[in-house]
Amino acid sequence: MGNLKDVARAYFDGLNRKDLSAVPYADDAIMWAPLGPNGLDQPIRGKKAIIEYLEGVFPILGEVEVQNLFADGEWACGRAFLQLTNPAGAMLRVNDVFHVVGGEIVEQENHYDPRPALG
């Protein structure tokens, strides 16, 4: 994927479809996530671990609506609303930042208020 916005969109589309196979993560990618297994201090390391973490969210994830995509240099950012099914009707407003090198996500940082996901 040459277009950085396409890389960011692939991530959100993958969440919406509950299929991350088209998200171009580098094998050694890292992800920073507020509710990640290691907290905010340690990233999730590796494509396999990132996908496993995200697939764990699928049971409570409803529709994903992309609001805006931005790109500059090797960086892309996506702003989206994620409907949650548990608690019913809750919504996460997310701003995710992607560092993209050679068409692959090498680093991702998720920014959101986790309170709606925690009930």
# chains A, B, ... in the order shown; residues from 1 in each chain; ligands from 1
$ closest_atom_pairs --of "stretch 39-71 of chain A" --to "stretch 14-19 of chain A" --cutoff "12 Å" --atoms "only C-alpha atoms" --output "Markdown table"
| residue | atom | partner | partner_atom | distance |
| --- | --- | --- | --- | --- |
| A:Ile51 | CA | A:Asp19 | CA | 9.5 |
| A:Glu52 | CA | A:Asp19 | CA | 11.3 |
| A:Tyr53 | CA | A:Leu15 | CA | 11.9 |
| A:Leu54 | CA | A:Leu15 | CA | 8.1 |
| A:Glu55 | CA | A:Lys18 | CA | 7.4 |
| A:Gly56 | CA | A:Lys18 | CA | 10.3 |
| A:Val57 | CA | A:Leu15 | CA | 9.1 |
| A:Phe58 | CA | A:Lys18 | CA | 6.3 |
| A:Pro59 | CA | A:Lys18 | CA | 9.3 |
| A:Ile60 | CA | A:Lys18 | CA | 10.9 |
| A:Leu61 | CA | A:Leu15 | CA | 8.0 |
| A:Gly62 | CA | A:Asn16 | CA | 7.3 |
| A:Glu63 | CA | A:Asn16 | CA | 5.8 |
| A:Val64 | CA | A:Asn16 | CA | 5.1 |
| A:Glu65 | CA | A:Asn16 | CA | 8.1 |
| A:Val66 | CA | A:Asn16 | CA | 9.8 |
$ write_last_selection --atoms "N, CA and C atoms" --output "mmCIF file, in the first residue's frame"
data_model
loop_
_atom_site.group_PDB
_atom_site.id
_atom_site.type_symbol
_atom_site.label_atom_id
_atom_site.label_comp_id
_atom_site.auth_asym_id
_atom_site.auth_seq_id
_atom_site.Cartn_x
_atom_site.Cartn_y
_atom_site.Cartn_z
ATOM 1 N N ILE A 51 -2.214 -8.739 16.457
ATOM 2 C CA ILE A 51 -3.450 -9.288 15.886
ATOM 3 C C ILE A 51 -4.226 -10.079 16.936
ATOM 4 N N GLU A 52 -3.544 -10.864 17.748
ATOM 5 C CA GLU A 52 -4.222 -11.609 18.811
ATOM 6 C C GLU A 52 -4.903 -10.661 19.790
ATOM 7 N N TYR A 53 -4.233 -9.584 20.153
ATOM 8 C CA TYR A 53 -4.819 -8.592 21.058
ATOM 9 C C TYR A 53 -6.081 -7.993 20.436
ATOM 10 N N LEU A 54 -5.983 -7.551 19.185
ATOM 11 C CA LEU A 54 -7.125 -6.914 18.532
ATOM 12 C C LEU A 54 -8.278 -7.892 18.325
ATOM 13 N N GLU A 55 -7.979 -9.127 17.974
ATOM 14 C CA GLU A 55 -9.040 -10.129 17.805
ATOM 15 C C GLU A 55 -9.780 -10.372 19.114
ATOM 16 N N GLY A 56 -9.115 -10.148 20.236
ATOM 17 C CA GLY A 56 -9.759 -10.287 21.540
ATOM 18 C C GLY A 56 -10.817 -9.235 21.795
ATOM 19 N N VAL A 57 -10.777 -8.142 21.039
ATOM 20 C CA VAL A 57 -11.754 -7.057 21.173
ATOM 21 C C VAL A 57 -12.988 -7.320 20.295
ATOM 22 N N PHE A 58 -12.855 -8.165 19.306
ATOM 23 C CA PHE A 58 -13.941 -8.399 18.350
ATOM 24 C C PHE A 58 -15.292 -8.705 19.007
ATOM 25 N N PRO A 59 -15.364 -9.506 20.073
ATOM 26 C CA PRO A 59 -16.678 -9.840 20.637
ATOM 27 C C PRO A 59 -17.495 -8.635 21.122
ATOM 28 N N ILE A 60 -16.837 -7.539 21.496
ATOM 29 C CA ILE A 60 -17.593 -6.369 21.966
ATOM 30 C C ILE A 60 -17.611 -5.236 20.945
ATOM 31 N N LEU A 61 -17.043 -5.469 19.771
ATOM 32 C CA LEU A 61 -16.920 -4.422 18.768
ATOM 33 C C LEU A 61 -18.081 -4.465 17.781
ATOM 34 N N GLY A 62 -18.746 -3.328 17.643
ATOM 35 C CA GLY A 62 -19.804 -3.175 16.647
ATOM 36 C C GLY A 62 -19.260 -2.448 15.432
ATOM 37 N N GLU A 63 -20.026 -1.519 14.914
ATOM 38 C CA GLU A 63 -19.654 -0.785 13.702
ATOM 39 C C GLU A 63 -18.504 0.184 13.967
ATOM 40 N N VAL A 64 -17.633 0.302 12.991
ATOM 41 C CA VAL A 64 -16.512 1.241 13.036
ATOM 42 C C VAL A 64 -16.746 2.287 11.949
ATOM 43 N N GLU A 65 -16.792 3.550 12.353
ATOM 44 C CA GLU A 65 -17.058 4.634 11.410
ATOM 45 C C GLU A 65 -15.860 5.586 11.368
ATOM 46 N N VAL A 66 -15.154 5.603 10.249
ATOM 47 C CA VAL A 66 -13.995 6.482 10.089
ATOM 48 C C VAL A 66 -14.486 7.910 9.854
#
$ residues_around --residues "A:Val97" --least-positions-apart "4" --cutoff "10 Å" --atoms "only C-alpha atoms" --output "compact mmCIF listing (two decimals) with N, CA and C atoms, in the first residue's frame"
# COMPACT_ATOMS: atom_id res chain seq x y z
N ALA A 8 -3.97 3.35 6.96
CA ALA A 8 -4.82 3.63 8.13
C ALA A 8 -6.23 3.09 7.90
N MET A 31 2.75 -1.93 19.13
CA MET A 31 1.52 -1.17 19.34
C MET A 31 1.44 -0.73 20.80
N TRP A 32 1.14 0.55 20.97
CA TRP A 32 0.88 1.11 22.30
C TRP A 32 -0.64 1.22 22.44
N LEU A 69 -8.98 10.94 8.04
CA LEU A 69 -7.66 10.32 7.87
C LEU A 69 -6.68 11.42 7.49
N PHE A 70 -5.52 11.39 8.09
CA PHE A 70 -4.48 12.38 7.84
C PHE A 70 -3.17 11.67 7.56
N ALA A 71 -2.30 12.30 6.78
CA ALA A 71 -1.00 11.69 6.50
C ALA A 71 0.05 12.79 6.32
N TRP A 75 3.95 9.14 8.53
CA TRP A 75 2.95 9.04 9.59
C TRP A 75 1.54 9.21 9.04
N ALA A 76 0.63 8.42 9.58
CA ALA A 76 -0.79 8.55 9.26
C ALA A 76 -1.56 8.56 10.58
N CYS A 77 -2.72 9.19 10.56
CA CYS A 77 -3.57 9.25 11.74
C CYS A 77 -5.00 9.04 11.28
N GLY A 78 -5.74 8.29 12.05
CA GLY A 78 -7.15 8.09 11.76
C GLY A 78 -7.99 8.38 12.98
N ARG A 79 -9.08 9.09 12.74
CA ARG A 79 -10.05 9.40 13.79
C ARG A 79 -11.31 8.61 13.47
N ILE A 105 3.01 -1.02 8.63
CA ILE A 105 2.92 -0.36 9.92
C ILE A 105 4.02 -0.93 10.81
N GLU A 107 4.85 0.90 13.76
CA GLU A 107 4.45 1.32 15.11
C GLU A 107 3.06 1.92 15.03
N GLN A 108 2.26 1.61 16.05
CA GLN A 108 0.91 2.14 16.13
C GLN A 108 0.67 2.56 17.57
N GLU A 109 0.04 3.71 17.73
CA GLU A 109 -0.32 4.15 19.07
C GLU A 109 -1.80 4.51 19.06
N ASN A 110 -2.55 3.84 19.93
CA ASN A 110 -3.99 4.06 20.02
C ASN A 110 -4.27 5.05 21.14
N HIS A 111 -5.07 6.05 20.82
CA HIS A 111 -5.46 7.06 21.80
C HIS A 111 -6.97 7.06 21.93
$ closest_residue --among "A:Ile50, A:Val106, A:Ala117, A:Val101" --to "A:Pro87" --atoms "only C-alpha atoms"
A:Ala117
$ atom_distance --atom1 "atom CA of A:Pro116" --atom2 "atom CA of A:Ile44"
21.7 Å
$ closest_residue --among "A:Ser21, A:Phe12, A:Gly73, A:Ile30" --to "A:Val94" --atoms "only C-alpha atoms"
A:Phe12
$ select_by_dssp --residues "stretch 1-114 of chain A" --states "strand (DSSP E)" --output "ChimeraX atom specification"
/A:25-32,44-45,61-72,75-85,88-101,104-111
$ closest_residue --among "A:Leu35, A:Pro114, A:Tyr11, A:Tyr25" --to "A:Asp96" --atoms "only C-alpha atoms"
A:Tyr11
$ atom_distance --atom1 "atom CA of A:Ala90" --atom2 "atom CA of A:Gly46"
29.4 Å
$ residues_around --residues "A:Arg93" --least-positions-apart "4" --cutoff "9 Å" --atoms "only C-alpha atoms" --output "PyMOL selection string"
chain A and resi 79-83+111-113
$ closest_residue --among "A:Leu40, A:Leu84, A:Val7, A:Ala22" --to "A:Gly102" --atoms "only C-alpha atoms"
A:Val7
$ atom_distance --atom1 "atom CA of A:Pro24" --atom2 "atom CA of A:Asp41"
24.3 Å
$ closest_residue --among "A:Val23, A:Ala33, A:Asp13, A:Asn68" --to "A:Glu104" --atoms "only C-alpha atoms"
A:Val23
$ closest_residue --among "A:Leu20, A:Ala10, A:Pro34, A:Gln67" --to "A:Lys47" --atoms "only C-alpha atoms"
A:Leu20
$ select_by_dssp --residues "chain A" --states "helix (DSSP H, G or I)" --output "PyMOL selection string"
chain A and resi 4-17+47-55+58-60+115-118
$ write_last_selection --atoms "N, CA and C atoms" --output "compact mmCIF listing (two decimals), in the first residue's frame"
# COMPACT_ATOMS: atom_id res chain seq x y z
N LEU A 4 -0.51 6.38 2.50
CA LEU A 4 -0.57 6.24 3.96
C LEU A 4 -2.00 6.21 4.48
N LYS A 5 -2.88 6.99 3.86
CA LYS A 5 -4.27 6.97 4.28
C LYS A 5 -4.90 5.59 4.03
N ASP A 6 -4.48 4.94 2.95
CA ASP A 6 -4.98 3.59 2.67
C ASP A 6 -4.55 2.60 3.75
N VAL A 7 -3.34 2.78 4.28
CA VAL A 7 -2.85 1.92 5.35
C VAL A 7 -3.72 2.10 6.59
N ALA A 8 -3.97 3.35 6.96
CA ALA A 8 -4.82 3.63 8.13
C ALA A 8 -6.23 3.09 7.90
N ARG A 9 -6.78 3.29 6.72
CA ARG A 9 -8.12 2.80 6.42
C ARG A 9 -8.17 1.26 6.49
N ALA A 10 -7.11 0.60 6.04
CA ALA A 10 -7.07 -0.87 6.10
C ALA A 10 -7.23 -1.35 7.54
N TYR A 11 -6.65 -0.64 8.47
CA TYR A 11 -6.77 -1.00 9.89
C TYR A 11 -8.22 -0.89 10.35
N PHE A 12 -8.83 0.27 10.11
CA PHE A 12 -10.21 0.48 10.56
C PHE A 12 -11.18 -0.44 9.82
N ASP A 13 -10.95 -0.64 8.53
CA ASP A 13 -11.79 -1.58 7.77
C ASP A 13 -11.67 -2.99 8.32
N GLY A 14 -10.45 -3.37 8.70
CA GLY A 14 -10.24 -4.69 9.29
C GLY A 14 -10.99 -4.86 10.60
N LEU A 15 -10.99 -3.81 11.42
CA LEU A 15 -11.77 -3.86 12.66
C LEU A 15 -13.25 -4.01 12.34
N ASN A 16 -13.72 -3.23 11.37
CA ASN A 16 -15.14 -3.25 11.02
C ASN A 16 -15.57 -4.63 10.50
N ARG A 17 -14.71 -5.27 9.70
CA ARG A 17 -15.01 -6.60 9.14
C ARG A 17 -14.66 -7.74 10.09
N LYS A 47 3.71 -8.63 15.05
CA LYS A 47 2.47 -8.70 14.29
C LYS A 47 1.49 -9.71 14.90
N LYS A 48 1.99 -10.89 15.22
CA LYS A 48 1.13 -11.95 15.76
C LYS A 48 0.48 -11.51 17.07
N ALA A 49 1.24 -10.93 17.97
CA ALA A 49 0.71 -10.50 19.27
C ALA A 49 -0.29 -9.35 19.11
N ILE A 50 -0.02 -8.45 18.18
CA ILE A 50 -0.93 -7.32 17.94
C ILE A 50 -2.27 -7.85 17.43
N ILE A 51 -2.21 -8.74 16.46
CA ILE A 51 -3.45 -9.29 15.89
C ILE A 51 -4.23 -10.08 16.94
N GLU A 52 -3.54 -10.86 17.75
CA GLU A 52 -4.22 -11.61 18.81
C GLU A 52 -4.90 -10.66 19.79
N TYR A 53 -4.23 -9.58 20.15
CA TYR A 53 -4.82 -8.59 21.06
C TYR A 53 -6.08 -7.99 20.44
N LEU A 54 -5.98 -7.55 19.18
CA LEU A 54 -7.12 -6.91 18.53
C LEU A 54 -8.28 -7.89 18.33
N GLU A 55 -7.98 -9.13 17.97
CA GLU A 55 -9.04 -10.13 17.81
C GLU A 55 -9.78 -10.37 19.11
N PHE A 58 -12.85 -8.17 19.31
CA PHE A 58 -13.94 -8.40 18.35
C PHE A 58 -15.29 -8.70 19.01
N PRO A 59 -15.36 -9.51 20.07
CA PRO A 59 -16.68 -9.84 20.64
C PRO A 59 -17.49 -8.64 21.12
N ILE A 60 -16.84 -7.54 21.50
CA ILE A 60 -17.59 -6.37 21.97
C ILE A 60 -17.61 -5.24 20.95
N ARG A 115 -12.81 4.47 29.35
CA ARG A 115 -13.94 4.29 30.28
C ARG A 115 -15.16 3.63 29.63
N PRO A 116 -15.56 3.99 28.37
CA PRO A 116 -16.72 3.31 27.79
C PRO A 116 -16.51 1.80 27.63
N ALA A 117 -15.28 1.38 27.36
CA ALA A 117 -14.99 -0.05 27.18
C ALA A 117 -14.99 -0.79 28.51
N LEU A 118 -14.79 -0.05 29.59
CA LEU A 118 -14.72 -0.67 30.92
C LEU A 118 -16.09 -0.71 31.61
$ decode --residues "stretch 2-32 of chain A" --atoms "N, CA and C atoms" --output "PDB file, in the first residue's frame"
ATOM      1  N   GLY A   2       0.785   1.993  -1.047  1.00  0.00           N
ATOM      2  CA  GLY A   2       1.627   3.159  -1.158  1.00  0.00           C
ATOM      3  C   GLY A   2       1.079   4.381  -0.454  1.00  0.00           C
ATOM      4  N   ASN A   3      -0.243   4.501  -0.375  1.00  0.00           N
ATOM      5  CA  ASN A   3      -0.870   5.669   0.208  1.00  0.00           C
ATOM      6  C   ASN A   3      -1.036   5.454   1.716  1.00  0.00           C
ATOM      7  N   LEU A   4      -0.509   6.379   2.504  1.00  0.00           N
ATOM      8  CA  LEU A   4      -0.570   6.241   3.960  1.00  0.00           C
ATOM      9  C   LEU A   4      -2.004   6.214   4.476  1.00  0.00           C
ATOM     10  N   LYS A   5      -2.876   6.991   3.856  1.00  0.00           N
ATOM     11  CA  LYS A   5      -4.275   6.972   4.285  1.00  0.00           C
ATOM     12  C   LYS A   5      -4.898   5.595   4.026  1.00  0.00           C
ATOM     13  N   ASP A   6      -4.476   4.938   2.953  1.00  0.00           N
ATOM     14  CA  ASP A   6      -4.981   3.586   2.672  1.00  0.00           C
ATOM     15  C   ASP A   6      -4.545   2.599   3.753  1.00  0.00           C
ATOM     16  N   VAL A   7      -3.341   2.782   4.279  1.00  0.00           N
ATOM     17  CA  VAL A   7      -2.852   1.915   5.348  1.00  0.00           C
ATOM     18  C   VAL A   7      -3.722   2.104   6.594  1.00  0.00           C
ATOM     19  N   ALA A   8      -3.974   3.354   6.962  1.00  0.00           N
ATOM     20  CA  ALA A   8      -4.823   3.630   8.127  1.00  0.00           C
ATOM     21  C   ALA A   8      -6.233   3.089   7.902  1.00  0.00           C
ATOM     22  N   ARG A   9      -6.775   3.288   6.719  1.00  0.00           N
ATOM     23  CA  ARG A   9      -8.120   2.799   6.417  1.00  0.00           C
ATOM     24  C   ARG A   9      -8.168   1.265   6.487  1.00  0.00           C
ATOM     25  N   ALA A  10      -7.108   0.596   6.038  1.00  0.00           N
ATOM     26  CA  ALA A  10      -7.073  -0.873   6.098  1.00  0.00           C
ATOM     27  C   ALA A  10      -7.227  -1.351   7.537  1.00  0.00           C
ATOM     28  N   TYR A  11      -6.645  -0.638   8.474  1.00  0.00           N
ATOM     29  CA  TYR A  11      -6.770  -1.001   9.888  1.00  0.00           C
ATOM     30  C   TYR A  11      -8.220  -0.888  10.347  1.00  0.00           C
ATOM     31  N   PHE A  12      -8.829   0.266  10.111  1.00  0.00           N
ATOM     32  CA  PHE A  12     -10.209   0.479  10.558  1.00  0.00           C
ATOM     33  C   PHE A  12     -11.184  -0.437   9.819  1.00  0.00           C
ATOM     34  N   ASP A  13     -10.951  -0.644   8.527  1.00  0.00           N
ATOM     35  CA  ASP A  13     -11.792  -1.577   7.770  1.00  0.00           C
ATOM     36  C   ASP A  13     -11.669  -2.987   8.322  1.00  0.00           C
ATOM     37  N   GLY A  14     -10.453  -3.373   8.702  1.00  0.00           N
ATOM     38  CA  GLY A  14     -10.241  -4.693   9.287  1.00  0.00           C
ATOM     39  C   GLY A  14     -10.993  -4.864  10.598  1.00  0.00           C
ATOM     40  N   LEU A  15     -10.990  -3.808  11.424  1.00  0.00           N
ATOM     41  CA  LEU A  15     -11.772  -3.864  12.659  1.00  0.00           C
ATOM     42  C   LEU A  15     -13.254  -4.006  12.342  1.00  0.00           C
ATOM     43  N   ASN A  16     -13.722  -3.232  11.374  1.00  0.00           N
ATOM     44  CA  ASN A  16     -15.139  -3.254  11.021  1.00  0.00           C
ATOM     45  C   ASN A  16     -15.566  -4.630  10.501  1.00  0.00           C
ATOM     46  N   ARG A  17     -14.711  -5.274   9.704  1.00  0.00           N
ATOM     47  CA  ARG A  17     -15.015  -6.601   9.138  1.00  0.00           C
ATOM     48  C   ARG A  17     -14.665  -7.738  10.088  1.00  0.00           C
ATOM     49  N   LYS A  18     -13.935  -7.386  11.168  1.00  0.00           N
ATOM     50  CA  LYS A  18     -13.401  -8.398  12.099  1.00  0.00           C
ATOM     51  C   LYS A  18     -12.502  -9.388  11.355  1.00  0.00           C
ATOM     52  N   ASP A  19     -11.670  -8.814  10.509  1.00  0.00           N
ATOM     53  CA  ASP A  19     -10.705  -9.578   9.720  1.00  0.00           C
ATOM     54  C   ASP A  19      -9.504  -8.673   9.467  1.00  0.00           C
ATOM     55  N   LEU A  20      -8.408  -8.956  10.136  1.00  0.00           N
ATOM     56  CA  LEU A  20      -7.225  -8.094  10.071  1.00  0.00           C
ATOM     57  C   LEU A  20      -6.189  -8.566   9.054  1.00  0.00           C
ATOM     58  N   SER A  21      -6.547  -9.519   8.226  1.00  0.00           N
ATOM     59  CA  SER A  21      -5.572 -10.098   7.298  1.00  0.00           C
ATOM     60  C   SER A  21      -5.021  -9.092   6.291  1.00  0.00           C
ATOM     61  N   ALA A  22      -5.759  -8.034   5.979  1.00  0.00           N
ATOM     62  CA  ALA A  22      -5.295  -7.042   5.009  1.00  0.00           C
ATOM     63  C   ALA A  22      -4.552  -5.871   5.653  1.00  0.00           C
ATOM     64  N   VAL A  23      -4.427  -5.877   6.978  1.00  0.00           N
ATOM     65  CA  VAL A  23      -3.703  -4.786   7.648  1.00  0.00           C
ATOM     66  C   VAL A  23      -2.211  -5.067   7.499  1.00  0.00           C
ATOM     67  N   PRO A  24      -1.464  -4.118   6.901  1.00  0.00           N
ATOM     68  CA  PRO A  24      -0.053  -4.381   6.585  1.00  0.00           C
ATOM     69  C   PRO A  24       0.908  -4.137   7.749  1.00  0.00           C
ATOM     70  N   TYR A  25       0.808  -4.970   8.781  1.00  0.00           N
ATOM     71  CA  TYR A  25       1.743  -4.863   9.898  1.00  0.00           C
ATOM     72  C   TYR A  25       3.083  -5.475   9.512  1.00  0.00           C
ATOM     73  N   ALA A  26       4.156  -4.821   9.889  1.00  0.00           N
ATOM     74  CA  ALA A  26       5.488  -5.419   9.782  1.00  0.00           C
ATOM     75  C   ALA A  26       5.567  -6.537  10.818  1.00  0.00           C
ATOM     76  N   ASP A  27       6.363  -7.545  10.558  1.00  0.00           N
ATOM     77  CA  ASP A  27       6.487  -8.673  11.489  1.00  0.00           C
ATOM     78  C   ASP A  27       6.926  -8.227  12.884  1.00  0.00           C
ATOM     79  N   ASP A  28       7.763  -7.182  12.946  1.00  0.00           N
ATOM     80  CA  ASP A  28       8.276  -6.708  14.231  1.00  0.00           C
ATOM     81  C   ASP A  28       7.600  -5.412  14.691  1.00  0.00           C
ATOM     82  N   ALA A  29       6.374  -5.178  14.223  1.00  0.00           N
ATOM     83  CA  ALA A  29       5.629  -3.973  14.594  1.00  0.00           C
ATOM     84  C   ALA A  29       5.394  -3.927  16.103  1.00  0.00           C
ATOM     85  N   ILE A  30       5.185  -2.711  16.612  1.00  0.00           N
ATOM     86  CA  ILE A  30       4.797  -2.540  18.015  1.00  0.00           C
ATOM     87  C   ILE A  30       3.532  -1.703  18.076  1.00  0.00           C
ATOM     88  N   MET A  31       2.745  -1.928  19.134  1.00  0.00           N
ATOM     89  CA  MET A  31       1.516  -1.166  19.342  1.00  0.00           C
ATOM     90  C   MET A  31       1.440  -0.726  20.800  1.00  0.00           C
ATOM     91  N   TRP A  32       1.138   0.549  20.974  1.00  0.00           N
ATOM     92  CA  TRP A  32       0.884   1.107  22.296  1.00  0.00           C
ATOM     93  C   TRP A  32      -0.635   1.216  22.436  1.00  0.00           C
TER      94      TRP A  32
END
